[in-house]
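Colleague: Please find data_23.csv (CSV, C-alpha atoms (C1' of nucleotides)) on the next line:
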```csv
chain,number,residue,atom,x,y,z
A,239,MET,CA,0.0,0.0,0.0
A,240,ASP,CA,1.5,3.3,-1.0
A,241,THR,CA,1.6,6.5,1.0
A,242,ARG,CA,-1.4,8.1,-0.5
A,243,GLU,CA,-3.4,4.9,0.2
A,244,ARG,CA,-2.2,4.7,3.8
A,245,LEU,CA,-3.3,8.3,4.4
A,246,ILE,CA,-6.8,7.6,3.1
A,247,GLU,CA,-7.1,4.4,5.2
A,248,SER,CA,-5.8,6.1,8.3
A,249,ALA,CA,-8.2,9.0,7.8
A,250,ARG,CA,-11.1,6.6,7.4
A,251,GLU,CA,-10.3,4.9,10.7
A,252,LEU,CA,-9.9,8.1,12.6
A,253,LEU,CA,-13.0,9.7,11.1
A,254,TRP,CA,-14.9,6.5,12.2
A,255,GLU,CA,-13.5,6.6,15.7
A,256,ARG,CA,-13.4,10.3,16.4
A,257,GLY,CA,-15.4,12.1,13.7
A,258,TYR,CA,-14.2,15.0,11.7
A,259,VAL,CA,-13.6,17.7,14.4
A,260,GLY,CA,-11.9,15.1,16.6
A,261,THR,CA,-9.5,14.1,13.8
A,262,SER,CA,-6.3,16.2,13.3
A,263,PRO,CA,-4.0,16.1,10.3
A,264,LYS,CA,-1.2,15.2,12.8
A,265,ALA,CA,-3.1,12.2,14.1
A,266,ILE,CA,-3.6,11.0,10.5
A,267,GLN,CA,0.0,11.4,9.7
A,268,GLU,CA,1.1,9.5,12.8
A,269,ARG,CA,-1.2,6.6,12.2
A,270,SER,CA,-0.3,6.3,8.5
A,271,GLY,CA,3.4,6.8,9.1
A,272,ALA,CA,3.5,9.6,6.6
A,273,GLY,CA,5.2,12.9,7.4
A,274,GLN,CA,3.7,16.4,7.3
A,275,GLY,CA,5.0,17.4,3.9
A,276,SER,CA,4.0,14.0,2.5
A,277,MET,CA,0.3,14.5,3.5
A,278,TYR,CA,0.2,18.0,2.0
A,279,HIS,CA,1.8,16.8,-1.1
A,280,HIS,CA,-0.9,14.2,-1.8
A,281,PHE,CA,-3.9,16.3,-0.5
A,282,HIS,CA,-4.7,20.0,-0.4
A,283,GLY,CA,-5.6,19.8,3.3
A,284,LYS,CA,-7.8,18.2,5.9
A,285,PRO,CA,-11.1,18.6,3.9
A,286,ASP,CA,-9.6,17.2,0.8
A,287,LEU,CA,-8.3,14.1,2.5
A,288,ALA,CA,-11.5,13.7,4.4
A,289,LEU,CA,-13.5,13.8,1.2
A,290,ALA,CA,-11.4,10.9,-0.2
A,291,ALA,CA,-11.9,8.9,3.0
A,292,ILE,CA,-15.6,9.6,3.3
A,293,SER,CA,-16.2,8.7,-0.4
A,294,ARG,CA,-14.5,5.4,0.1
A,295,SER,CA,-16.5,4.6,3.3
A,296,ALA,CA,-19.7,5.4,1.5
A,297,GLU,CA,-18.7,3.2,-1.5
A,298,GLU,CA,-17.8,0.3,0.7
A,299,LEU,CA,-21.1,0.5,2.6
A,300,ARG,CA,-23.0,0.3,-0.6
A,301,GLU,CA,-21.0,-2.7,-1.8
A,302,ARG,CA,-21.4,-4.6,1.4
A,303,ALA,CA,-25.1,-4.0,1.5
A,304,GLU,CA,-25.6,-5.0,-2.1
A,305,VAL,CA,-24.1,-8.4,-1.4
A,306,GLN,CA,-27.1,-9.2,0.8
A,307,PHE,CA,-29.7,-7.4,-1.3
A,308,SER,CA,-28.8,-9.1,-4.6
A,309,GLY,CA,-28.4,-12.6,-3.0
A,310,PRO,CA,-30.6,-15.6,-3.6
A,311,GLY,CA,-33.9,-16.4,-1.9
A,312,PRO,CA,-37.1,-14.5,-1.0
A,313,VAL,CA,-36.7,-10.8,-0.5
A,314,VAL,CA,-37.8,-11.0,3.2
A,315,ASP,CA,-34.9,-13.4,3.8
A,316,ARG,CA,-32.5,-11.1,2.0
A,317,ILE,CA,-33.6,-8.2,4.1
A,318,THR,CA,-33.4,-10.2,7.3
A,319,ALA,CA,-29.9,-11.3,6.3
A,320,TYR,CA,-28.9,-7.7,5.7
A,321,LEU,CA,-30.3,-6.6,9.1
A,322,ARG,CA,-28.5,-9.5,10.9
A,323,ARG,CA,-25.3,-9.3,9.0
A,324,GLU,CA,-22.2,-9.2,11.2
A,325,ARG,CA,-21.2,-5.7,12.1
A,326,ASP,CA,-18.7,-3.8,14.2
A,327,VAL,CA,-21.5,-2.7,16.3
A,328,LEU,CA,-19.7,-0.7,19.0
A,329,LYS,CA,-17.7,1.2,16.5
A,330,GLY,CA,-20.9,2.4,14.9
A,331,CYS,CA,-21.7,3.2,11.3
A,332,PRO,CA,-18.7,5.0,9.6
A,333,VAL,CA,-21.1,7.0,7.4
A,334,GLY,CA,-24.0,7.6,9.8
A,335,ARG,CA,-21.7,9.0,12.5
A,336,LEU,CA,-20.7,11.8,10.1
A,337,THR,CA,-24.2,13.2,10.3
A,338,GLN,CA,-23.4,14.4,13.8
A,339,ASP,CA,-20.5,16.4,12.6
A,340,PRO,CA,-21.5,20.0,11.9
A,341,ASP,CA,-18.3,20.7,9.9
A,342,VAL,CA,-19.1,17.8,7.6
A,343,MET,CA,-22.8,18.7,7.2
A,344,SER,CA,-22.0,22.3,6.5
A,345,ASP,CA,-19.6,21.5,3.7
A,346,PRO,CA,-21.5,20.5,0.5
A,347,ASP,CA,-18.7,18.4,-0.8
A,348,LEU,CA,-18.3,16.4,2.4
A,349,ARG,CA,-22.0,16.1,2.9
A,350,ARG,CA,-22.9,14.7,-0.6
A,351,PRO,CA,-21.6,11.2,-0.1
A,352,VAL,CA,-23.4,10.9,3.2
A,353,ALA,CA,-26.7,12.1,1.8
A,354,GLU,CA,-26.4,9.9,-1.3
A,355,THR,CA,-25.6,6.8,0.7
A,356,PHE,CA,-28.7,6.9,2.8
A,357,ALA,CA,-30.9,8.0,-0.1
A,358,TRP,CA,-29.6,4.9,-2.1
A,359,LEU,CA,-29.9,2.6,0.9
A,360,THR,CA,-33.5,3.5,1.7
A,361,ASP,CA,-34.4,3.4,-1.9
A,362,ARG,CA,-32.9,0.0,-2.5
A,363,LEU,CA,-34.7,-1.4,0.5
A,364,ALA,CA,-38.0,0.1,-0.6
A,365,THR,CA,-37.6,-1.5,-4.0
A,366,LEU,CA,-37.0,-4.9,-2.4
A,367,LEU,CA,-40.0,-4.4,-0.2
A,368,ALA,CA,-42.2,-3.4,-3.1
A,369,GLU,CA,-41.0,-6.5,-4.9
A,370,GLY,CA,-41.9,-8.7,-1.9
A,371,ARG,CA,-45.3,-7.1,-1.9
A,372,ALA,CA,-45.8,-7.6,-5.6
A,373,ASN,CA,-45.0,-11.3,-5.4
A,374,GLY,CA,-47.2,-12.0,-2.4
A,375,GLU,CA,-44.5,-12.4,0.2
A,376,LEU,CA,-45.6,-9.3,2.1
A,377,ASP,CA,-48.8,-7.8,3.3
A,378,ALA,CA,-50.2,-5.4,0.6
A,379,ARG,CA,-50.9,-2.8,3.3
A,380,LEU,CA,-47.2,-2.3,4.0
A,381,ASP,CA,-45.8,1.0,2.6
A,382,PRO,CA,-42.5,0.1,1.0
A,383,ALA,CA,-40.8,3.6,1.4
A,384,ALA,CA,-41.9,4.2,5.0
A,385,THR,CA,-40.9,0.6,6.0
A,386,ALA,CA,-37.6,1.0,4.3
A,387,GLY,CA,-37.0,4.2,6.3
A,388,ALA,CA,-37.9,2.4,9.5
A,389,LEU,CA,-35.5,-0.4,8.8
A,390,VAL,CA,-32.6,1.8,8.0
A,391,ALA,CA,-33.4,3.9,11.1
A,392,VAL,CA,-33.4,0.8,13.3
A,393,LEU,CA,-29.8,0.0,12.2
A,394,GLN,CA,-28.6,3.5,12.7
A,395,GLY,CA,-30.4,3.8,16.0
A,396,GLY,CA,-29.2,0.4,17.0
A,397,TYR,CA,-25.7,1.6,16.9
A,398,VAL,CA,-26.6,4.5,19.2
A,399,LEU,CA,-28.2,2.2,21.7
A,400,ALA,CA,-25.3,-0.2,21.7
A,401,ARG,CA,-22.8,2.5,22.2
A,402,ALA,CA,-24.9,4.0,25.0
A,403,ALA,CA,-25.2,0.6,26.7
A,404,GLY,CA,-21.6,-0.3,25.9
A,405,SER,CA,-22.8,-3.6,24.6
A,406,PRO,CA,-23.7,-5.0,21.1
A,407,GLU,CA,-26.6,-6.7,22.7
A,408,ALA,CA,-28.7,-3.5,22.5
A,409,PHE,CA,-28.2,-3.5,18.7
A,410,ALA,CA,-29.2,-7.1,18.4
A,411,GLN,CA,-32.3,-6.5,20.4
A,412,ALA,CA,-33.4,-3.6,18.3
A,413,VAL,CA,-32.9,-5.7,15.1
A,414,ASP,CA,-34.8,-8.6,16.7
A,415,GLY,CA,-37.7,-6.2,17.4
A,416,ALA,CA,-37.7,-5.0,13.8
A,417,VAL,CA,-37.6,-8.5,12.4
A,418,GLY,CA,-40.4,-9.4,14.8
A,419,LEU,CA,-42.5,-6.5,13.6
A,420,LEU,CA,-41.9,-7.3,10.0
A,421,ALA,CA,-42.8,-10.9,10.6
A,422,GLY,CA,-46.4,-9.9,11.3
A,423,HIS,CA,-46.7,-8.7,7.7
A,424,VAL,CA,-45.2,-11.8,6.0
A,425,ARG,CA,-47.8,-14.0,4.3
A,426,ARG,CA,-47.3,-17.6,4.8
A,427,GLY,CA,-48.7,-20.1,2.3
A,428,GLY,CA,-51.6,-18.2,0.8
A,429,GLU,CA,-52.9,-16.3,3.9
B,25,MET,CA,-31.2,33.5,35.2
B,26,ASP,CA,-27.9,33.8,37.0
B,27,THR,CA,-24.4,33.2,35.6
B,28,ARG,CA,-24.1,29.6,36.6
B,29,GLU,CA,-27.4,28.8,35.0
B,30,ARG,CA,-26.6,30.6,31.8
B,31,LEU,CA,-23.3,28.7,31.6
B,32,ILE,CA,-25.2,25.4,31.9
B,33,GLU,CA,-27.7,26.4,29.2
B,34,SER,CA,-25.1,27.6,26.8
B,35,ALA,CA,-23.1,24.4,27.3
B,36,ARG,CA,-26.3,22.4,26.7
B,37,GLU,CA,-26.9,24.2,23.4
B,38,LEU,CA,-23.4,23.9,22.2
B,39,LEU,CA,-23.1,20.2,23.1
B,40,TRP,CA,-26.3,19.7,21.2
B,41,GLU,CA,-25.1,21.6,18.1
B,42,ARG,CA,-21.4,20.7,18.0
B,43,GLY,CA,-20.8,17.8,20.4
B,44,TYR,CA,-18.2,17.6,23.2
B,45,VAL,CA,-15.0,17.8,21.1
B,46,GLY,CA,-16.5,20.6,19.0
B,47,THR,CA,-17.4,22.7,22.0
B,48,SER,CA,-14.7,25.0,23.6
B,49,PRO,CA,-14.8,26.7,27.0
B,50,LYS,CA,-14.3,29.9,25.2
B,51,ALA,CA,-17.4,29.4,23.0
B,52,ILE,CA,-19.5,28.6,26.1
B,53,GLN,CA,-18.3,31.8,27.7
B,54,GLU,CA,-19.1,33.9,24.7
B,55,ARG,CA,-22.6,32.4,24.3
B,56,SER,CA,-23.4,32.8,28.0
B,57,GLY,CA,-21.9,36.2,28.3
B,58,ALA,CA,-19.7,35.0,31.2
B,59,GLY,CA,-16.1,35.7,31.4
B,60,GLN,CA,-13.2,33.3,31.7
B,61,GLY,CA,-12.7,33.7,35.4
B,62,SER,CA,-16.4,33.4,36.0
B,63,MET,CA,-16.7,30.0,34.3
B,64,TYR,CA,-13.7,28.6,36.2
B,65,HIS,CA,-15.2,29.9,39.4
B,66,HIS,CA,-18.4,28.0,39.0
B,67,PHE,CA,-17.0,24.9,37.4
B,68,HIS,CA,-13.7,23.0,37.7
B,69,GLY,CA,-13.3,22.9,33.9
B,70,LYS,CA,-14.9,21.7,30.7
B,71,PRO,CA,-15.8,18.1,31.9
B,72,ASP,CA,-17.4,19.4,35.1
B,73,LEU,CA,-19.6,21.9,33.2
B,74,ALA,CA,-20.4,19.3,30.6
B,75,LEU,CA,-21.6,16.9,33.2
B,76,ALA,CA,-24.0,19.5,34.5
B,77,ALA,CA,-25.2,20.2,31.0
B,78,ILE,CA,-25.6,16.5,30.0
B,79,SER,CA,-27.4,15.6,33.2
B,80,ARG,CA,-29.9,18.3,32.6
B,81,SER,CA,-30.5,17.2,29.0
B,82,ALA,CA,-31.0,13.6,30.2
B,83,GLU,CA,-33.4,14.7,32.8
B,84,GLU,CA,-35.4,16.8,30.4
B,85,LEU,CA,-35.6,14.0,27.9
B,86,ARG,CA,-37.1,11.7,30.5
B,87,GLU,CA,-39.6,14.3,31.7
B,88,ARG,CA,-40.8,15.0,28.2
B,89,ALA,CA,-41.2,11.3,27.3
B,90,GLU,CA,-43.1,10.6,30.5
B,91,VAL,CA,-45.7,13.2,29.5
B,92,GLN,CA,-46.8,10.9,26.6
B,93,PHE,CA,-46.2,7.6,28.4
B,94,SER,CA,-48.4,8.4,31.4
B,95,GLY,CA,-51.1,10.1,29.4
B,96,PRO,CA,-54.7,8.8,29.0
B,97,GLY,CA,-55.9,6.3,26.5
B,98,PRO,CA,-54.8,2.9,25.2
B,99,VAL,CA,-51.0,2.2,25.4
B,100,VAL,CA,-50.7,1.9,21.6
B,101,ASP,CA,-52.1,5.4,21.3
B,102,ARG,CA,-49.7,6.7,23.9
B,103,ILE,CA,-46.7,5.1,22.2
B,104,THR,CA,-47.8,6.5,18.8
B,105,ALA,CA,-48.2,9.9,20.4
B,106,TYR,CA,-44.7,9.7,21.7
B,107,LEU,CA,-43.3,8.6,18.4
B,108,ARG,CA,-45.1,11.4,16.6
B,109,ARG,CA,-44.5,14.1,19.1
B,110,GLU,CA,-43.2,17.3,17.8
B,111,ARG,CA,-39.4,17.3,17.7
B,112,ASP,CA,-36.5,19.5,16.6
B,113,VAL,CA,-35.7,16.8,14.1
B,114,LEU,CA,-32.8,18.4,12.3
B,115,LYS,CA,-31.0,19.3,15.5
B,116,GLY,CA,-31.0,15.6,16.4
B,117,CYS,CA,-31.3,14.1,19.9
B,118,PRO,CA,-29.3,16.0,22.5
B,119,VAL,CA,-28.5,12.8,24.4
B,120,GLY,CA,-28.2,10.4,21.5
B,121,ARG,CA,-25.6,12.5,19.7
B,122,LEU,CA,-23.3,12.2,22.7
B,123,THR,CA,-22.8,8.5,22.0
B,124,GLN,CA,-20.7,9.5,19.0
B,125,ASP,CA,-18.3,11.5,21.1
B,126,PRO,CA,-15.4,9.4,22.2
B,127,ASP,CA,-14.4,11.8,24.9
B,128,VAL,CA,-17.8,11.5,26.4
B,129,MET,CA,-18.0,7.7,26.2
B,130,SER,CA,-14.6,7.2,27.6
B,131,ASP,CA,-15.4,9.3,30.7
B,132,PRO,CA,-17.5,7.2,33.1
B,133,ASP,CA,-19.0,10.3,34.7
B,134,LEU,CA,-20.1,11.8,31.4
B,135,ARG,CA,-21.2,8.5,30.1
B,136,ARG,CA,-23.5,7.5,32.9
B,137,PRO,CA,-26.4,9.9,32.2
B,138,VAL,CA,-26.4,8.8,28.6
B,139,ALA,CA,-26.4,5.1,29.4
B,140,GLU,CA,-29.1,5.5,32.0
B,141,THR,CA,-31.4,7.6,29.8
B,142,PHE,CA,-31.6,5.0,27.1
B,143,ALA,CA,-31.8,2.1,29.6
B,144,TRP,CA,-34.8,3.9,31.2
B,145,LEU,CA,-36.4,4.8,27.9
B,146,THR,CA,-36.2,1.3,26.5
B,147,ASP,CA,-37.4,-0.2,29.7
B,148,ARG,CA,-40.3,2.2,30.0
B,149,LEU,CA,-41.5,1.4,26.5
B,150,ALA,CA,-41.1,-2.3,27.1
B,151,THR,CA,-43.3,-2.0,30.2
B,152,LEU,CA,-46.0,-0.2,28.2
B,153,LEU,CA,-45.8,-2.8,25.4
B,154,ALA,CA,-46.1,-5.6,28.0
B,155,GLU,CA,-49.1,-3.8,29.4
B,156,GLY,CA,-50.7,-3.6,26.0
B,157,ARG,CA,-50.1,-7.3,25.4
B,158,ALA,CA,-51.6,-8.2,28.8
B,159,ASN,CA,-54.8,-6.2,28.2
B,160,GLY,CA,-55.3,-7.6,24.7
B,161,GLU,CA,-54.4,-4.5,22.7
B,162,LEU,CA,-51.4,-6.2,21.2
B,163,ASP,CA,-50.5,-9.5,19.6
B,164,ALA,CA,-49.2,-11.9,22.2
B,165,ARG,CA,-46.3,-12.9,20.0
B,166,LEU,CA,-44.7,-9.4,20.2
B,167,ASP,CA,-41.6,-9.4,22.4
B,168,PRO,CA,-41.9,-6.2,24.5
B,169,ALA,CA,-38.2,-5.7,25.1
B,170,ALA,CA,-37.1,-6.2,21.5
B,171,THR,CA,-39.9,-4.1,20.2
B,172,ALA,CA,-39.1,-1.3,22.6
B,173,GLY,CA,-35.5,-1.4,21.4
B,174,ALA,CA,-36.7,-1.2,17.8
B,175,LEU,CA,-38.9,1.8,18.5
B,176,VAL,CA,-36.2,3.7,20.3
B,177,ALA,CA,-33.8,2.9,17.6
B,178,VAL,CA,-36.2,4.2,14.9
B,179,LEU,CA,-36.3,7.5,16.6
B,180,GLN,CA,-32.5,7.7,17.0
B,181,GLY,CA,-31.9,6.5,13.5
B,182,GLY,CA,-34.6,8.8,12.2
B,183,TYR,CA,-32.6,11.7,13.3
B,184,VAL,CA,-29.6,10.4,11.4
B,185,LEU,CA,-31.6,10.0,8.2
B,186,ALA,CA,-33.1,13.4,8.5
B,187,ARG,CA,-29.8,15.1,9.0
B,188,ALA,CA,-28.3,13.1,6.1
B,189,ALA,CA,-31.1,14.2,3.9
B,190,GLY,CA,-31.3,17.7,5.3
B,191,SER,CA,-35.0,17.3,5.8
B,192,PRO,CA,-37.3,16.3,8.7
B,193,GLU,CA,-39.3,14.3,6.1
B,194,ALA,CA,-37.0,11.4,6.4
B,195,PHE,CA,-37.6,11.2,10.1
B,196,ALA,CA,-41.4,11.3,9.6
B,197,GLN,CA,-41.2,8.6,7.1
B,198,ALA,CA,-39.2,6.3,9.4
B,199,VAL,CA,-41.7,6.9,12.1
B,200,ASP,CA,-44.6,6.2,9.7
B,201,GLY,CA,-42.9,2.9,8.8
B,202,ALA,CA,-42.6,1.9,12.5
B,203,VAL,CA,-46.2,2.8,13.2
B,204,GLY,CA,-47.3,0.9,10.2
B,205,LEU,CA,-45.3,-2.2,11.3
B,206,LEU,CA,-46.7,-1.9,14.8
B,207,ALA,CA,-50.3,-1.6,13.4
B,208,GLY,CA,-50.0,-5.2,12.1
B,209,HIS,CA,-49.8,-6.4,15.6
B,210,VAL,CA,-52.7,-4.4,17.1
B,211,ARG,CA,-55.8,-6.5,17.8
B,212,ARG,CA,-59.0,-4.9,16.7
B,213,GLY,CA,-62.2,-5.9,18.5
B,214,GLY,CA,-61.4,-9.4,19.6
B,215,GLU,CA,-59.3,-10.7,16.7
C,114,DG,C1',-17.7,36.6,41.8
C,115,DT,C1',-15.5,38.6,38.0
C,116,DC,C1',-11.6,40.5,35.5
C,117,DT,C1',-7.0,40.4,33.0
C,118,DA,C1',-2.6,38.4,32.3
C,119,DT,C1',-0.2,34.7,31.2
C,120,DA,C1',1.2,30.0,30.0
C,121,DC,C1',1.6,26.0,27.3
C,122,DC,C1',-0.1,22.8,23.9
C,123,DT,C1',-2.3,21.5,19.6
C,124,DG,C1',-4.6,22.5,15.1
C,125,DG,C1',-3.9,23.4,10.5
C,126,DA,C1',-1.1,25.1,7.1
C,127,DT,C1',3.0,27.2,4.2
C,128,DA,C1',8.0,27.4,2.7
C,129,DG,C1',11.9,25.8,1.0
C,130,DA,C1',15.7,22.3,1.4
C,131,DC,C1',16.8,17.7,-0.1
D,94,DG,C1',7.9,12.8,-2.9
D,95,DT,C1',9.5,13.6,1.6
D,96,DC,C1',11.7,16.3,5.4
D,97,DT,C1',12.3,20.1,8.7
D,98,DA,C1',11.5,24.7,10.1
D,99,DT,C1',8.2,28.0,10.9
D,100,DC,C1',3.8,30.4,11.5
D,101,DC,C1',-0.4,32.1,13.7
D,102,DA,C1',-4.9,31.0,15.7
D,103,DG,C1',-7.3,28.5,19.1
D,104,DG,C1',-8.0,25.2,23.1
D,105,DT,C1',-7.7,24.7,28.1
D,106,DA,C1',-6.2,26.1,32.3
D,107,DT,C1',-3.9,28.8,36.3
D,108,DA,C1',-2.6,33.1,38.9
D,109,DG,C1',-3.5,36.9,41.1
D,110,DA,C1',-5.7,41.6,41.1
D,111,DC,C1',-10.1,43.8,42.0
```
Please express what this file holds, its structure, as structure tokens.

Modeller:
Amino acid sequence: MDTRERLIESARELLWERGYVGTSPKAIQERSGAGQGSMYHHFHGKPDLALAAISRSAEELRERAEVQFSGPGPVVDRITAYLRRERDVLKGCPVGRLTQDPDVMSDPDLRRPVAETFAWLTDRLATLLAEGRANGELDARLDPAATAGALVAVLQGGYVLARAAGSPEAFAQAVDGAVGLLAGHVRRGGE
Amino acid sequence: MDTRERLIESARELLWERGYVGTSPKAIQERSGAGQGSMYHHFHGKPDLALAAISRSAEELRERAEVQFSGPGPVVDRITAYLRRERDVLKGCPVGRLTQDPDVMSDPDLRRPVAETFAWLTDRLATLLAEGRANGELDARLDPAATAGALVAVLQGGYVLARAAGSPEAFAQAVDGAVGLLAGHVRRGGE
DNA sequence: GTCTATACCTGGATAGAC
DNA sequence: GTCTATCCAGGTATAGAC
């Protein structure tokens, strides 16, 4: 991995752990093993490097989600698999945590990947839910867009609860609750 | 409002807007109109003042929630009223946002009010759901604790989605989804 | 209780040598 | 491409006068 790459990866980790305000160029340099001049050679400054790091985190989130979404089986199973997928729960969501950072949200460039990620995720889930409704897996009364929003919110909120409790268990419980609520709308064998 | 009080209120606002790392003693002093010496007379330092501010935000959250929880009517209506209560959506949750702050979570004193608030909230909702199940309002298959976790998570995650989208609409949609999912488990007239 | 002065460290960046 | 020197603002706190 070359220097530029190590800078991006280190920035990604620090942004995840400490957010934008809590991450200093010096900290990024130390973690990556790059010097001062090296960082400013590859990037114009903190916002520029942060943009590269955030974009990559956003991209990765989408790729990982798509693995579950486009898998085999009934849509309800795919959605459940996505919800229950293994996660670094106590670290939180690398993209979602950025919404709490005023310096990220007030910069249109830094904000865009965050906004696009959640727009895509909610939309993708809504499409799957609509599909499930169309093929009879799901109750016709379920609103795909609203339900998708609720599911994404459960994950994001689950991270908050787990971090507050200091235990991944709180996340798992919230997901269990969501799966349980969804189960009431699943049609079994021509109901 | 005396100086001490103004310091706490200013710290509360700034913690809400910018988090712990993003809030400097100087900024608190400027917003409150108190001088340097004045702040250090009333509080030992930033963590001490933050503890007073966080404790108050936690207390207020509980009081406001309890208004809906202990109101009149069926428990499902009370829970729905709580979920749909008017909120400063784009500002986010003053307590939940602190879970993203490593300096808060690594300090046991600052962390305690955050942990206690969500433990209380989830527990309170679970009690209400159990009550609804016992009196026949809700499907007996619903797990009160897990469902409570999901509902609290929807709110916390709803804030994240709304901030990402830059619009309160995303929060409303997630809540709609949760209410819709819950509706499938409500028993109507001896079902 | 509140003020000003002072101290020391870190944040974020530029300049120019190698 | 990378290094070191340097810069100025801001963060956080203490000391002592009023």

Colleague: Leu366 of chain A: which residues within 8 Å, counting all atoms listed in the file, same-chain residues fewer than 4 positions away excluded, as a compact mmCIF listing (two decimals) with C-alpha atoms, in the coordinates of the input?

Modeller:
```
# COMPACT_ATOMS: atom_id res chain seq x y z
CA PHE A 307 -29.70 -7.40 -1.30
CA VAL A 313 -36.70 -10.80 -0.50
CA ARG A 362 -32.90 0.00 -2.50
CA GLY A 370 -41.90 -8.70 -1.90
```

Colleague: Quick one: residues within 10 Å of DC101 of chain D, all atoms listed in the file, excluding same-chain residues fewer than 2 positions away - as a PDB file with C-alpha atoms (C1' of nucleotides), keeping the file's coordinate frame?

Modeller:
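In the end it all went to out_17.pdb:
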```pdb
ATOM      1  C1'  DG C 125      -3.900  23.400  10.500  1.00  0.00           C
ATOM      2  C1'  DA C 126      -1.100  25.100   7.100  1.00  0.00           C
TER       3       DA C 126
ATOM      4  C1'  DT D  99       8.200  28.000  10.900  1.00  0.00           C
ATOM      5  C1'  DG D 103      -7.300  28.500  19.100  1.00  0.00           C
TER       6       DG D 103
END
```

Colleague: Residues of chain A within 7 Å of chain B, counting all atoms listed in the file - could you list those as a ChimeraX atom specification?

Modeller: /A:256,259-260,334-335,337-340,352-353,356,380,384-385,387-388,391-396,398-399,401-403,411-416,418-420,422-423

Colleague: Do me a favour and pick out the residues of chain C within 9 Å of chain B, using only C-alpha atoms (C1' of nucleotides), as a PyMOL selection string.

Modeller: chain C and resi 114-116

Colleague: What's the separation between atom CA of Ile78 of chain B and atom CA of Asp131 of chain B, in Å to one decimal place?

Modeller: 12.5 Å

Colleague: Taking a cut-off of 7 Å and counting only C-alpha atoms (C1' of nucleotides), can you build a table that, for each residue of chain D near chain A, reports the nearest atom pair and how far apart they are in Å (one decimal), sorted by chain then residue number, as a tab-separated table?

Modeller:
```
residue	atom	partner	partner_atom	distance
D:DG94	C1'	A:Ser276	CA	6.8
D:DT95	C1'	A:Ser276	CA	5.6
D:DC96	C1'	A:Gly275	CA	7.0
```

Colleague: Grab the atom CA of Asp286 of chain A to atom CA of Asp347 of chain A distance for me, in Å with one decimal place.

Modeller: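 Taking atom CA of Asp286 of chain A as the start and atom CA of Asp347 of chain A as the end point, the length is 9.3 Å.
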
Colleague: Figure out the distance between atom C1' of DA106 of chain D and atom CA of Ile52 of chain B, please, to one decimal in Å.

Modeller: 14.9 Å
